[in-house]
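query_17.txt follows; it contains compact mmCIF, C-alpha atoms and all ligand atoms.
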# COMPACT_ATOMS: atom_id res chain seq x y z
CA MET A 1 -32.15 32.67 -13.70
CA SER A 2 -31.77 35.79 -11.51
CA ASP A 3 -30.85 35.22 -7.90
CA LYS A 4 -32.98 38.11 -6.75
CA PRO A 5 -35.40 37.09 -3.98
CA VAL A 6 -38.98 36.33 -4.98
CA ILE A 7 -41.58 38.46 -3.18
CA LEU A 8 -45.25 37.55 -3.14
CA VAL A 9 -47.09 40.90 -3.16
CA THR A 10 -50.69 40.30 -2.16
CA ARG A 11 -52.28 43.58 -3.30
CA LYS A 12 -51.80 46.15 -6.06
CA LEU A 13 -49.31 48.73 -4.76
CA PRO A 14 -48.56 52.30 -5.94
CA ASP A 15 -46.56 52.42 -9.18
CA ALA A 16 -43.41 53.77 -7.54
CA VAL A 17 -43.40 50.90 -5.07
CA GLU A 18 -43.96 48.28 -7.75
CA ALA A 19 -41.18 49.87 -9.85
CA ARG A 20 -38.73 49.49 -6.95
CA LEU A 21 -39.91 45.93 -6.43
CA GLN A 22 -39.30 45.17 -10.13
CA ARG A 23 -35.84 46.72 -9.94
CA ASP A 24 -34.62 44.92 -6.83
CA TYR A 25 -36.61 41.69 -6.62
CA ARG A 26 -38.60 39.18 -8.60
CA PRO A 27 -42.05 40.23 -7.43
CA MET A 28 -45.24 38.24 -7.92
CA LEU A 29 -47.59 41.19 -8.39
CA ASN A 30 -51.37 41.33 -8.24
CA PRO A 31 -52.28 43.80 -11.02
CA ASP A 32 -56.02 43.12 -10.66
CA ASP A 33 -55.87 43.65 -6.91
CA ARG A 34 -57.84 40.48 -6.27
CA LEU A 35 -58.26 39.50 -2.63
CA TYR A 36 -56.41 36.19 -2.25
CA SER A 37 -57.67 33.43 0.01
CA ALA A 38 -55.35 31.92 2.60
CA ASP A 39 -55.11 28.77 0.48
CA GLU A 40 -54.02 30.79 -2.55
CA ILE A 41 -51.40 32.63 -0.51
CA ILE A 42 -50.00 29.37 0.77
CA GLU A 43 -49.95 27.89 -2.73
CA MET A 44 -48.33 30.98 -4.28
CA SER A 45 -45.73 31.06 -1.52
CA ALA A 46 -44.17 27.87 -2.82
CA GLU A 47 -41.57 29.96 -4.68
CA ALA A 48 -41.54 33.04 -2.44
CA ASP A 49 -38.67 34.13 -0.24
CA ALA A 50 -40.91 36.68 1.45
CA ILE A 51 -44.47 37.97 1.44
CA LEU A 52 -45.51 41.62 1.33
CA PRO A 53 -49.13 41.63 2.53
CA CYS A 54 -51.64 44.17 3.81
CA HIS A 55 -53.95 44.00 6.82
CA THR A 56 -56.53 42.49 4.43
CA GLU A 57 -54.71 39.13 4.52
CA LYS A 58 -54.87 37.13 7.73
CA PHE A 59 -51.84 35.19 8.91
CA ASP A 60 -53.21 33.28 11.86
CA ALA A 61 -51.35 30.38 13.46
CA ASP A 62 -52.87 27.91 11.02
CA VAL A 63 -51.85 29.90 7.92
CA ILE A 64 -48.36 30.46 9.30
CA ALA A 65 -47.98 26.76 10.07
CA ARG A 66 -48.90 25.96 6.47
CA LEU A 67 -46.47 28.43 4.86
CA PRO A 68 -43.57 26.71 3.11
CA LYS A 69 -40.12 26.88 4.74
CA ASN A 70 -38.73 29.11 1.98
CA VAL A 71 -40.75 32.08 3.31
CA ARG A 72 -38.25 34.03 5.41
CA ALA A 73 -40.19 37.20 6.07
CA ILE A 74 -43.61 38.82 6.15
CA ALA A 75 -43.03 42.51 5.46
CA ASN A 76 -46.38 44.12 6.17
CA PHE A 77 -47.67 47.11 4.28
CA SER A 78 -49.30 48.40 7.48
CA VAL A 79 -48.44 49.64 10.92
CA GLY A 80 -51.19 47.51 12.48
CA HIS A 81 -50.27 43.87 12.81
CA ASP A 82 -53.30 42.31 14.42
CA HIS A 83 -53.74 40.28 11.22
CA VAL A 84 -50.51 38.36 11.91
CA ASP A 85 -49.97 35.89 14.74
CA LEU A 86 -46.55 37.11 15.83
CA GLU A 87 -45.94 34.24 18.24
CA ALA A 88 -46.61 31.68 15.51
CA ALA A 89 -44.29 33.55 13.14
CA LYS A 90 -41.55 33.72 15.77
CA ALA A 91 -41.91 30.02 16.49
CA LYS A 92 -41.47 29.28 12.80
CA GLY A 93 -38.51 31.64 12.45
CA ILE A 94 -40.32 34.01 10.08
CA ILE A 95 -39.28 37.64 10.41
CA VAL A 96 -42.24 40.05 10.59
CA THR A 97 -42.05 43.82 10.04
CA ASN A 98 -44.51 46.72 9.87
CA THR A 99 -44.50 50.32 8.63
CA PRO A 100 -44.68 52.78 11.53
CA ASP A 101 -44.16 56.57 11.37
CA VAL A 102 -44.86 57.07 7.68
CA LEU A 103 -48.63 57.03 8.12
CA SER A 104 -48.96 59.03 11.31
CA ASP A 105 -49.72 62.37 9.64
CA ALA A 106 -52.26 60.94 7.21
CA THR A 107 -54.06 58.95 9.89
CA ALA A 108 -54.12 61.90 12.27
CA GLU A 109 -55.69 63.97 9.48
CA ILE A 110 -58.45 61.40 9.18
CA ALA A 111 -58.97 61.43 12.95
CA ILE A 112 -59.50 65.18 12.82
CA LEU A 113 -61.77 64.79 9.79
CA CYS A 114 -63.82 62.21 11.71
CA MET A 115 -63.97 64.49 14.74
CA LEU A 116 -65.15 67.49 12.73
CA GLY A 117 -67.40 65.44 10.46
CA ALA A 118 -69.15 64.00 13.51
CA ALA A 119 -69.23 67.23 15.51
CA ARG A 120 -70.51 69.42 12.68
CA ARG A 121 -72.93 66.89 11.20
CA ALA A 122 -71.10 66.74 7.88
CA TYR A 123 -72.84 63.61 6.66
CA GLU A 124 -76.33 65.02 7.25
CA GLY A 125 -75.46 68.29 5.55
CA GLU A 126 -73.82 66.61 2.55
CA ARG A 127 -76.73 64.29 2.08
CA MET A 128 -79.28 67.09 2.40
CA ILE A 129 -77.71 69.07 -0.43
CA ARG A 130 -77.29 66.07 -2.72
CA ALA A 131 -80.89 65.01 -2.13
CA GLN A 132 -82.07 68.59 -2.87
CA LYS A 133 -83.61 68.80 0.59
CA TRP A 134 -81.89 72.00 1.70
CA LYS A 135 -84.70 74.54 1.86
CA ASP A 136 -83.80 77.15 4.42
CA TRP A 137 -81.21 78.70 6.71
CA SER A 138 -82.12 79.67 10.23
CA PRO A 139 -80.28 80.41 13.49
CA THR A 140 -81.26 77.00 14.83
CA PHE A 141 -80.67 75.00 11.65
CA MET A 142 -78.48 71.88 12.00
CA LEU A 143 -76.56 72.94 15.08
CA GLY A 144 -73.51 70.88 15.82
CA ALA A 145 -71.02 70.61 18.64
CA GLN A 146 -68.09 73.04 18.71
CA THR A 147 -64.74 71.38 19.34
CA THR A 148 -62.57 74.50 19.77
CA GLY A 149 -61.37 74.77 23.34
CA LYS A 150 -62.87 71.42 24.37
CA ARG A 151 -61.05 68.37 25.73
CA PHE A 152 -59.48 65.86 23.32
CA GLY A 153 -58.91 62.48 24.96
CA VAL A 154 -56.58 59.94 23.42
CA ILE A 155 -56.43 56.22 24.12
CA GLY A 156 -53.05 55.08 22.83
CA MET A 157 -50.54 57.93 22.68
CA GLY A 158 -48.24 56.27 20.14
CA ARG A 159 -47.07 57.98 16.99
CA VAL A 160 -50.51 58.56 15.48
CA GLY A 161 -52.06 59.57 18.80
CA GLN A 162 -49.31 62.13 19.32
CA VAL A 163 -49.83 63.73 15.91
CA ALA A 164 -53.62 63.75 16.38
CA ALA A 165 -53.09 65.47 19.75
CA LYS A 166 -50.86 68.05 18.09
CA ARG A 167 -53.51 68.77 15.46
CA ALA A 168 -56.19 69.00 18.18
CA ARG A 169 -54.08 71.62 19.94
CA GLY A 170 -54.49 73.65 16.76
CA PHE A 171 -58.14 73.86 17.78
CA ASP A 172 -57.10 75.02 21.26
CA MET A 173 -58.19 71.68 22.65
CA GLU A 174 -56.86 70.49 26.00
CA VAL A 175 -55.27 67.08 25.47
CA HIS A 176 -55.77 64.21 27.92
CA TYR A 177 -54.44 60.72 27.35
CA TYR A 178 -54.13 57.17 28.53
CA ASN A 179 -51.18 55.10 27.40
CA ARG A 180 -49.62 51.94 28.82
CA SER A 181 -46.69 54.08 29.90
CA ARG A 182 -46.46 57.80 30.47
CA LEU A 183 -44.65 59.81 27.78
CA SER A 184 -41.66 62.02 28.49
CA PRO A 185 -42.49 65.71 29.05
CA GLU A 186 -41.07 66.52 25.56
CA LEU A 187 -43.48 64.08 23.91
CA GLU A 188 -46.39 64.93 26.22
CA CYS A 189 -46.29 68.59 25.17
CA GLY A 190 -48.49 69.46 28.13
CA ALA A 191 -51.00 66.64 27.60
CA ILE A 192 -52.56 65.42 30.85
CA TYR A 193 -51.80 61.77 31.63
CA HIS A 194 -54.34 59.42 33.20
CA GLU A 195 -53.18 56.15 34.66
CA THR A 196 -56.23 54.19 33.54
CA VAL A 197 -58.74 54.42 30.72
CA GLU A 198 -61.43 54.82 33.38
CA ASP A 199 -59.64 57.88 34.79
CA LEU A 200 -59.36 59.38 31.31
CA LEU A 201 -62.95 58.99 30.13
CA PRO A 202 -64.70 61.66 32.24
CA HIS A 203 -62.26 64.21 30.76
CA CYS A 204 -63.08 63.55 27.09
CA ASP A 205 -65.42 65.80 25.13
CA VAL A 206 -63.89 63.95 22.19
CA LEU A 207 -62.47 60.46 22.68
CA SER A 208 -60.06 59.47 19.92
CA ILE A 209 -58.98 55.83 19.75
CA HIS A 210 -55.43 55.16 18.58
CA CYS A 211 -54.42 52.00 20.41
CA PRO A 212 -53.63 48.77 18.57
CA ALA A 213 -56.07 45.87 18.48
CA THR A 214 -54.89 43.26 20.95
CA PRO A 215 -56.71 40.74 23.11
CA GLN A 216 -56.48 43.35 25.92
CA THR A 217 -58.07 46.16 23.88
CA THR A 218 -60.81 44.12 22.20
CA GLY A 219 -64.16 45.66 23.19
CA LEU A 220 -62.38 48.18 25.42
CA VAL A 221 -64.85 50.94 24.56
CA ASN A 222 -67.89 49.14 25.94
CA GLN A 223 -71.13 50.07 27.67
CA GLU A 224 -69.60 50.66 31.12
CA ARG A 225 -66.80 52.80 29.78
CA ILE A 226 -69.01 54.79 27.40
CA ALA A 227 -71.17 55.60 30.43
CA MET A 228 -68.09 57.26 31.98
CA LEU A 229 -67.81 59.78 29.13
CA PRO A 230 -69.45 63.18 29.61
CA ASP A 231 -72.96 63.38 28.15
CA GLY A 232 -72.81 64.62 24.57
CA ALA A 233 -69.26 63.37 23.97
CA ILE A 234 -67.99 62.36 20.55
CA VAL A 235 -66.17 59.07 19.85
CA VAL A 236 -63.63 58.87 17.04
CA ASN A 237 -62.05 55.61 15.93
CA THR A 238 -59.23 55.51 13.41
CA GLY A 239 -57.37 52.62 15.09
CA ARG A 240 -59.10 49.28 14.74
CA GLY A 241 -62.79 48.38 14.86
CA GLY A 242 -62.23 45.66 17.42
CA VAL A 243 -61.51 48.19 20.17
CA VAL A 244 -65.18 49.25 20.11
CA ASP A 245 -68.20 47.25 21.24
CA ASP A 246 -70.57 48.15 18.39
CA GLU A 247 -73.80 47.40 20.24
CA ALA A 248 -72.74 49.65 23.12
CA LEU A 249 -71.68 52.49 20.82
CA ILE A 250 -74.86 52.27 18.77
CA GLU A 251 -76.99 52.27 21.92
CA ALA A 252 -75.21 55.38 23.20
CA LEU A 253 -75.61 57.13 19.84
CA THR A 254 -79.29 56.24 19.72
CA SER A 255 -80.09 57.21 23.30
CA GLY A 256 -78.40 60.60 23.00
CA LYS A 257 -75.71 59.76 25.56
CA LEU A 258 -73.19 60.51 22.82
CA PHE A 259 -73.60 63.41 20.41
CA ALA A 260 -71.97 61.61 17.49
CA ALA A 261 -69.20 59.30 16.34
CA GLY A 262 -66.67 59.47 13.52
CA LEU A 263 -65.50 56.04 12.43
CA ASP A 264 -62.89 55.02 9.89
CA VAL A 265 -62.48 51.42 11.07
CA PHE A 266 -65.01 48.73 11.92
CA ASN A 267 -65.57 45.26 13.19
CA GLY A 268 -66.37 43.11 10.16
CA GLU A 269 -65.02 45.61 7.62
CA PRO A 270 -65.42 46.01 4.76
CA ASP A 271 -68.72 44.31 3.97
CA ASN A 272 -69.96 42.98 7.28
CA ILE A 273 -70.04 46.05 9.49
CA HIS A 274 -72.90 46.51 11.95
CA PRO A 275 -75.86 47.48 9.70
CA LYS A 276 -77.20 50.01 12.19
CA TYR A 277 -74.26 52.34 11.52
CA ARG A 278 -75.68 52.93 8.05
CA GLU A 279 -78.98 54.11 9.51
CA LEU A 280 -77.71 56.57 12.11
CA ASP A 281 -77.51 60.22 11.12
CA ASN A 282 -75.08 61.04 13.89
CA VAL A 283 -72.28 58.83 12.60
CA PHE A 284 -69.70 60.07 10.14
CA LEU A 285 -68.35 57.04 8.29
CA LEU A 286 -65.24 56.50 6.20
CA PRO A 287 -63.99 53.25 4.64
CA HIS A 288 -60.63 52.77 6.42
CA LEU A 289 -58.93 55.71 4.70
CA GLY A 290 -56.49 56.61 7.49
CA SER A 291 -53.33 56.10 5.46
CA ALA A 292 -54.91 56.63 2.04
CA THR A 293 -52.86 59.42 0.52
CA VAL A 294 -50.44 59.00 -2.37
CA GLU A 295 -47.48 60.17 -0.30
CA THR A 296 -48.26 57.89 2.58
CA ARG A 297 -49.00 54.78 0.57
CA VAL A 298 -45.70 55.21 -1.31
CA GLY A 299 -43.99 55.81 2.02
CA MET A 300 -45.48 52.62 3.44
CA GLY A 301 -44.37 50.60 0.42
CA PHE A 302 -40.84 51.98 0.60
CA ARG A 303 -40.69 51.29 4.31
CA ALA A 304 -41.77 47.68 3.72
CA LEU A 305 -39.08 47.41 1.03
CA ASP A 306 -36.43 48.92 3.32
CA ASN A 307 -37.30 46.15 5.75
CA LEU A 308 -37.03 43.49 3.06
CA ASP A 309 -33.74 44.94 1.83
CA ALA A 310 -32.39 44.55 5.37
CA VAL A 311 -33.60 40.97 5.65
CA PHE A 312 -31.94 39.93 2.40
CA ALA A 313 -28.75 41.84 3.19
CA GLY A 314 -28.50 39.96 6.49
CA ARG A 315 -29.20 43.07 8.55
CA GLU A 316 -31.78 43.54 11.28
CA PRO A 317 -34.85 45.29 9.77
CA VAL A 318 -35.61 48.55 11.55
CA ASP A 319 -39.28 47.72 11.95
CA ARG A 320 -38.98 44.13 13.09
CA ILE A 321 -41.90 43.08 15.29
CA ALA A 322 -41.22 39.32 15.30
C1 LIG B 1 -52.38 50.28 9.02
O1 LIG B 1 -51.29 50.53 8.51
O2 LIG B 1 -52.48 49.60 10.03
C2 LIG B 1 -53.59 50.81 8.35
O3 LIG B 1 -54.71 50.58 9.12
C3 LIG B 1 -53.76 50.18 6.99
O4 LIG B 1 -53.63 48.82 7.11
Please render this file's structure as structure tokens.
Ligand code: DGY
Amino acid sequence: MSDKPVILVTRKLPDAVEARLQRDYRPMLNPDDRLYSADEIIEMSAEADAILPCHTEKFDADVIARLPKNVRAIANFSVGHDHVDLEAAKAKGIIVTNTPDVLSDATAEIAILCMLGAARRAYEGERMIRAQKWKDWSPTFMLGAQTTGKRFGVIGMGRVGQVAAKRARGFDMEVHYYNRSRLSPELECGAIYHETVEDLLPHCDVLSIHCPATPQTTGLVNQERIAMLPDGAIVVNTGRGGVVDDEALIEALTSGKLFAAGLDVFNGEPDNIHPKYRELDNVFLLPHLGSATVETRVGMGFRALDNLDAVFAGREPVDRIA
């Protein structure tokens, strides 16, 4: 019997990542990409030295408490780690890692797509053509909001926020941001820092959310704060759905306070998102595609495997978060 560590891989991964897993480990793969329940994960972990999950599997304190002692690490295939109770993992001595950096470009691309899709009414236009309802062109037909030269506000100026800001500068946008701590001038690249979210909001023609989901950021973009945005602003969320209060956002989109929103992440995703989003014309919707490019998904898998390699070689994994 090989002494290679056994890795429980919860979802189907890109071929190159599974090939590396096969070469270096004894992986328990999921070729049908079935969503496992917590009970199944616990049961399948009986033989596993580590688990390689995605954000689609929840490791709350109860699940972590029930994991067998042989599980040494949870090497996430994600930068976000709100699906893992880090304190519970720490208490149990389970190493937890994530995959930062490798998805920043892809996610920033989606943020810009959401911004433009919302601003230029891409969903309405697409649907009109497909439904054969496009009958005319006129100077006042389907006017959108121009983003060039406007203000791009970022909540959460981490890696993804910084790349999104850089892309926005390509549209001559003036970048404003709130972050828990101010960036160095080299990283700021001229972006204007605001010490609180409340200070930032009045300066955002586009508000782009890039902060992690934590108890402190849950429902951060709520009715009071949306009211602080300029009239006709656009809200973009490619971080986590939990940062937005859906009722408040929907109310602002319906009343005309906001021009539009571009959303890639949702409370209750994938199949229990607020139903009203489906009805609104001024929302551009994507199904959590931020990191969904071939290059990035392979990069994420390799980064998760680099972390596992370190764990099993007795080294500190670069991306350890617990
Ligand atoms: C991430 O890495 O956090 C993405 O949202 C996919 O899980």
Note to self: (-49.1, 51.0, 24.2) in this file's frame - what residues fall within 12 Å of it? Use all atoms listed in the file and give the answer as JSON, numbers by chain.
What the structure shows: {"A": [154, 155, 156, 157, 158, 159, 160, 161, 177, 178, 179, 180, 181, 182, 183, 209, 210, 211, 212, 213, 214, 216, 217]}
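Using all atoms listed in the file, the nearest neighbour of ligand LIG 1 (chain B) within the list A:Val244, A:Ile110, A:Ala165, A:Ala313 is A:Ile110.
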Notebook entry, point to check: Which residues sit within 7 Å of ligand LIG 1 (chain B), counting all atoms listed in the file, listed as an NGL selection string?
Noted result: :A and (54-55 or 77-81 or 99 or 239 or 288 or 290-291)
All residues 12 Å or closer to Ala304 in chain A, only C-alpha atoms, same chain fewer than 3 positions away omitted, as a PDB file with C-alpha atoms, in the coordinates of the input:
ATOM      1  CA  ILE A   7     -41.580  38.460  -3.180  1.00  0.00           C
ATOM      2  CA  VAL A   9     -47.090  40.900  -3.160  1.00  0.00           C
ATOM      3  CA  LEU A  13     -49.310  48.730  -4.760  1.00  0.00           C
ATOM      4  CA  VAL A  17     -43.400  50.900  -5.070  1.00  0.00           C
ATOM      5  CA  GLU A  18     -43.960  48.280  -7.750  1.00  0.00           C
ATOM      6  CA  ARG A  20     -38.730  49.490  -6.950  1.00  0.00           C
ATOM      7  CA  LEU A  21     -39.910  45.930  -6.430  1.00  0.00           C
ATOM      8  CA  ALA A  50     -40.910  36.680   1.450  1.00  0.00           C
ATOM      9  CA  ILE A  51     -44.470  37.970   1.440  1.00  0.00           C
ATOM     10  CA  LEU A  52     -45.510  41.620   1.330  1.00  0.00           C
ATOM     11  CA  PRO A  53     -49.130  41.630   2.530  1.00  0.00           C
ATOM     12  CA  CYS A  54     -51.640  44.170   3.810  1.00  0.00           C
ATOM     13  CA  ALA A  73     -40.190  37.200   6.070  1.00  0.00           C
ATOM     14  CA  ILE A  74     -43.610  38.820   6.150  1.00  0.00           C
ATOM     15  CA  ALA A  75     -43.030  42.510   5.460  1.00  0.00           C
ATOM     16  CA  ASN A  76     -46.380  44.120   6.170  1.00  0.00           C
ATOM     17  CA  PHE A  77     -47.670  47.110   4.280  1.00  0.00           C
ATOM     18  CA  SER A  78     -49.300  48.400   7.480  1.00  0.00           C
ATOM     19  CA  VAL A  79     -48.440  49.640  10.920  1.00  0.00           C
ATOM     20  CA  VAL A  96     -42.240  40.050  10.590  1.00  0.00           C
ATOM     21  CA  THR A  97     -42.050  43.820  10.040  1.00  0.00           C
ATOM     22  CA  ASN A  98     -44.510  46.720   9.870  1.00  0.00           C
ATOM     23  CA  THR A  99     -44.500  50.320   8.630  1.00  0.00           C
ATOM     24  CA  PRO A 100     -44.680  52.780  11.530  1.00  0.00           C
ATOM     25  CA  ASP A 101     -44.160  56.570  11.370  1.00  0.00           C
ATOM     26  CA  VAL A 102     -44.860  57.070   7.680  1.00  0.00           C
ATOM     27  CA  ARG A 297     -49.000  54.780   0.570  1.00  0.00           C
ATOM     28  CA  VAL A 298     -45.700  55.210  -1.310  1.00  0.00           C
ATOM     29  CA  GLY A 299     -43.990  55.810   2.020  1.00  0.00           C
ATOM     30  CA  MET A 300     -45.480  52.620   3.440  1.00  0.00           C
ATOM     31  CA  GLY A 301     -44.370  50.600   0.420  1.00  0.00           C
ATOM     32  CA  ASN A 307     -37.300  46.150   5.750  1.00  0.00           C
ATOM     33  CA  LEU A 308     -37.030  43.490   3.060  1.00  0.00           C
ATOM     34  CA  ASP A 309     -33.740  44.940   1.830  1.00  0.00           C
ATOM     35  CA  ALA A 310     -32.390  44.550   5.370  1.00  0.00           C
ATOM     36  CA  VAL A 311     -33.600  40.970   5.650  1.00  0.00           C
ATOM     37  CA  PRO A 317     -34.850  45.290   9.770  1.00  0.00           C
ATOM     38  CA  VAL A 318     -35.610  48.550  11.550  1.00  0.00           C
ATOM     39  CA  ASP A 319     -39.280  47.720  11.950  1.00  0.00           C
ATOM     40  CA  ARG A 320     -38.980  44.130  13.090  1.00  0.00           C
TER      41      ARG A 320
END
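In this model, the gap between CA of Lys58 in chain A and CA of His83 in chain A comes to 4.8 Å.
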Item checked: Ala48 in chain A surroundings by all atoms listed in the file, 10 Å radius, close-in-sequence under 6 positions cut, as a PyMOL selection string -> chain A and resi 5-9+26-28+42+67-73
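Minimum distance to Arg151 in chain A across A:His176, A:Arg127, A:Arg225, A:Arg167 (counting all atoms listed in the file) occurs at A:His176.
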Next item on the list: May I have the residues within 12 Å of Arg169 in chain A as a PyMOL selection string, using all atoms listed in the file and disregarding those fewer than 6 positions away in the same chain?
Entry: chain A and resi 112+147-153+162-163+175-176+188-191
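Picture a line from CA of Thr218 in chain A to CA of Ala65 in chain A; it runs 24.8 Å.
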Six-sided padding of 6 Å per side, axis-aligned box over range 119-126 of chain A, centre and edges in Å, one decimal, as lines of an AutoDock Vina configuration file:
center_x = -72.8
center_y = 66.5
center_z = 9.0
size_x = 19.1
size_y = 17.8
size_z = 25.0
Note to self: Residues within 7 Å of range 136-146 of chain A, please, as JSON, numbers by chain. Count only C-alpha atoms; anything in the same chain fewer than 5 positions from it doesn't count.
What the structure shows: {"A": [119, 120, 121]}
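Here the question is which of A:Ala261, A:Leu229, A:Leu113, A:Ala118 gets nearest to Val197 in chain A using all atoms listed in the file, and that residue is A:Leu229.
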Checklist line | Polymer residues at most 12 Å from Ser255 in chain A, all atoms listed in the file, same-chain spacing of 6 or more positions, as a PyMOL selection string | finding: chain A and resi 227+231-232+248-249+280+282
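CA of Glu124 in chain A lies 25.3 Å from CA of Gly170 in chain A.
Between Phe171 in chain A and the residues A:Ile95, A:Leu116, A:Pro287, A:His274, the shortest atom-to-atom distance, using only C-alpha atoms, involves A:Leu116.
Residue nearest Ile234 in chain A within the list A:Arg11, A:Arg23, A:Arg34, A:His203: A:His203 [criterion: smallest interatomic distance, only C-alpha atoms].
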Note to self: Nearest residue to Asp15 in chain A out of A:Ser208, A:Asn267, A:Ile64, A:Phe302, using all atoms listed in the file?
What the structure shows: A:Phe302
